[in-house]
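K.L.:
Take a look at the following structure, please.
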Amino acid sequence: MEEEGREGWPRADGGAAAGGEQDDDQFDRLPDAVLLDVFNHIGDVKALGRCALVSRRFRALVPLVDSVFVRVDCVIPDELPPASPPPAPARGRGALAHIARFLLGGIVRPIQALGQILSPTLAVVSRRSATAPPAAALPPPPPAGDVSHHSPCEVLRSFRELRRLRIELPTGELGVDDGVLLKWKADFGSTLGSCVILGASSVSSKPPPQPTSSPTAMDREPEELASIPESLHTNGGLKLRVVWTISSLIAASARHYLLQPIITDHETLDSLNLTDADEQGVLTMDKRQLQELRARPLSVSGNSHRTLMPSLIMRLWYAPHIELPGGVLLKGATLVAIRPSDDVLKEGGGVEAAGPAGAPWISDAFEEPYRTAAKALFKRRTYSLEMNSF
């Protein structure tokens, strides 16, 4: 039987090593660059935290990792601050005021929960006493092995060379009914750069039976698409899509606002993605946008914990139903492409520049099979909308 070495691994030489070689750690023969490459491939901050406990060398190298993935385990609801009532909308706004009341009432607690996850002061499970020593007097904490007890801001503080960061929330902020599809992707600098939203009122695995002679929604003549479809402007269809759009923008701006401490702490960051386990929303920032935020601080929307949205220009595509590969049917499929009005006007493209058909930032926003849905919606009639800053 092979003799086991000091760490419990079988010795390759069958125990023939003599003298000082018997206590040699084989990892000591690997250069730091190789170990860092291994750690970068590991990525997961929990696993890196465990690696840091193996040896002093590992503990010194883990903070030099430049690619990290943080999976947030859970939200601690009993630590949330008391919910503040949404601001009363101004009188005389009619249907928009009703939408605002419905919207704010539905997502205010999820947005507070998001703050609970990312805030470095609220996300600690154990309440710390006022007599605790100041943070400045303490050495940088090691990468945490138990991320659920710390905010990402705390967990990442010891990483000094961070360039690529991905954070995954345990759930999306927007509560949607079963069978309803709602996805969004947004990029930010100091404010919104662009946002793409894909929604459907229902998703079914099998399309309803149709006569073979009847054309599908994608085969209809352009004349049939000349007017607004009845399913869009009746039974609250258009209002529902306005709610989808505003709630997605609010969720994106809340994520952006709460990432600011992390961006400030890590000036080496080149890319940052904030996703969720439900695959509902994705916020991205590249190197240029991260530098822009550091140079030009974000504007806050009133007393809310989110970034102020600028005036926006949008294009909307709608189809009563779209059949995707594999027999998946999207009913009431809607695609919305959004950009700041100032950016569009600077480029001289007018409203049409808010989302030209086939633009990569729109068609590449989602993975399959939803990318196919976006391309199919491009063939539909376009509706242009504008929205004031909020």
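Identifiers for the structure tokens are assigned positionally: chains receive A, B, ... in sequence, residues are indexed from 1 per chain, and ligands are indexed from 1 in the order shown.
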Find the nearest atom pair between each residue of region 294-368 of chain A and region 265-284 of chain A for residues within 10 Å, count only C-alpha atoms, give distances in Å to one decimal, sort rows by chain and ascending number, and present the table as a tab-separated table.
P.N.:
```
residue	atom	partner	partner_atom	distance
A:Arg294	CA	A:Glu267	CA	8.5
A:Ala365	CA	A:Val282	CA	9.3
A:Phe366	CA	A:Val282	CA	9.7
```
K.L.:
How many Å lie between CA of Trp244 (chain A) and CA of Arg371 (chain A), rounded to one decimal?
P.N.:
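Spanning CA of Trp244 (chain A) to CA of Arg371 (chain A) is a straight-line distance of 18.8 Å.
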K.L.:
Using only C-alpha atoms, can you tell me which of A:His321, A:Asp342, A:Leu192, A:Arg380 comes closest to Leu298 (chain A)?
P.N.:
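Residue with the minimum atom-to-atom distance to Leu298 (chain A): A:Leu192.
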K.L.:
Could you pull the residues within 6 Å of region 249-263 of chain A, counting only C-alpha atoms, minus those fewer than 4 positions along the same chain, as a PyMOL selection string?
P.N.:
chain A and resi 153+306-307
K.L.:
Can those selected residues be exported to a file as a compact mmCIF listing (two decimals), in the first residue's frame so that it contains N, CA, C and O atoms?
P.N.:
```
# COMPACT_ATOMS: atom_id res chain seq x y z
N CYS A 153 -20.10 43.66 -0.49
CA CYS A 153 -19.13 44.74 -0.25
C CYS A 153 -18.08 44.31 0.76
O CYS A 153 -16.89 44.55 0.59
N ARG A 306 -32.14 54.56 -5.50
CA ARG A 306 -31.92 54.14 -6.88
C ARG A 306 -31.40 55.32 -7.68
O ARG A 306 -31.54 56.49 -7.29
N THR A 307 -30.80 55.02 -8.82
CA THR A 307 -30.27 56.04 -9.71
C THR A 307 -31.38 56.73 -10.47
O THR A 307 -32.35 56.09 -10.90
```
K.L.:
What lies within 9 Å of Trp361 (chain A) using only C-alpha atoms, ignoring chain neighbours under 4 positions off, as number ranges by chain?
P.N.:
A: 194-196, 355, 365
K.L.:
Would you put the residues from that selection into a file with N, CA, C and O atoms, as an mmCIF file, in the first residue's frame?
P.N.:
```
data_model
loop_
_atom_site.group_PDB
_atom_site.id
_atom_site.type_symbol
_atom_site.label_atom_id
_atom_site.label_comp_id
_atom_site.auth_asym_id
_atom_site.auth_seq_id
_atom_site.Cartn_x
_atom_site.Cartn_y
_atom_site.Cartn_z
ATOM 1 N N SER A 194 -28.456 51.879 -21.892
ATOM 2 C CA SER A 194 -29.504 51.270 -22.708
ATOM 3 C C SER A 194 -30.176 50.183 -21.900
ATOM 4 O O SER A 194 -29.618 49.678 -20.922
ATOM 5 N N CYS A 195 -31.376 49.810 -22.322
ATOM 6 C CA CYS A 195 -32.116 48.743 -21.658
ATOM 7 C C CYS A 195 -32.985 48.043 -22.687
ATOM 8 O O CYS A 195 -33.580 48.694 -23.553
ATOM 9 N N VAL A 196 -33.036 46.733 -22.600
ATOM 10 C CA VAL A 196 -33.888 45.923 -23.476
ATOM 11 C C VAL A 196 -34.765 45.051 -22.588
ATOM 12 O O VAL A 196 -34.267 44.415 -21.648
ATOM 13 N N GLY A 355 -33.740 52.247 -31.375
ATOM 14 C CA GLY A 355 -33.705 50.799 -31.527
ATOM 15 C C GLY A 355 -33.842 50.366 -32.958
ATOM 16 O O GLY A 355 -34.870 49.844 -33.357
ATOM 17 N N ALA A 365 -29.180 40.734 -26.618
ATOM 18 C CA ALA A 365 -29.437 40.949 -25.200
ATOM 19 C C ALA A 365 -29.817 39.669 -24.473
ATOM 20 O O ALA A 365 -29.579 39.546 -23.271
#
```
K.L.:
Give the answer as one residue: which of A:Gly199, A:Pro31, A:Pro310, A:Pro369 has the shortest atom-to-atom distance to Thr334 (chain A), using only C-alpha atoms?
P.N.:
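Between A:Gly199, A:Pro31, A:Pro310, A:Pro369, the residue approaching Thr334 (chain A) most closely is A:Gly199.
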K.L.:
Report, in Å with one decimal, the straight-line distance from CA of Leu48 (chain A) to CA of Glu168 (chain A).
P.N.:
16.4 Å
K.L.:
Using only C-alpha atoms, which residue out of A:Ala337, A:Leu240, A:Met285, A:Ile197 lies closest to Ala359 (chain A)?
P.N.:
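Among A:Ala337, A:Leu240, A:Met285, A:Ile197, it is A:Ala337 that comes nearest to Ala359 (chain A).
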K.L.:
Between A:Ile338, A:Leu385, A:Val45, A:Leu182, which one has atoms that come closest to Leu162 (chain A), using only C-alpha atoms?
P.N.:
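Looking only at the distances to Leu162 (chain A), the closest residue turns out to be A:Val45.
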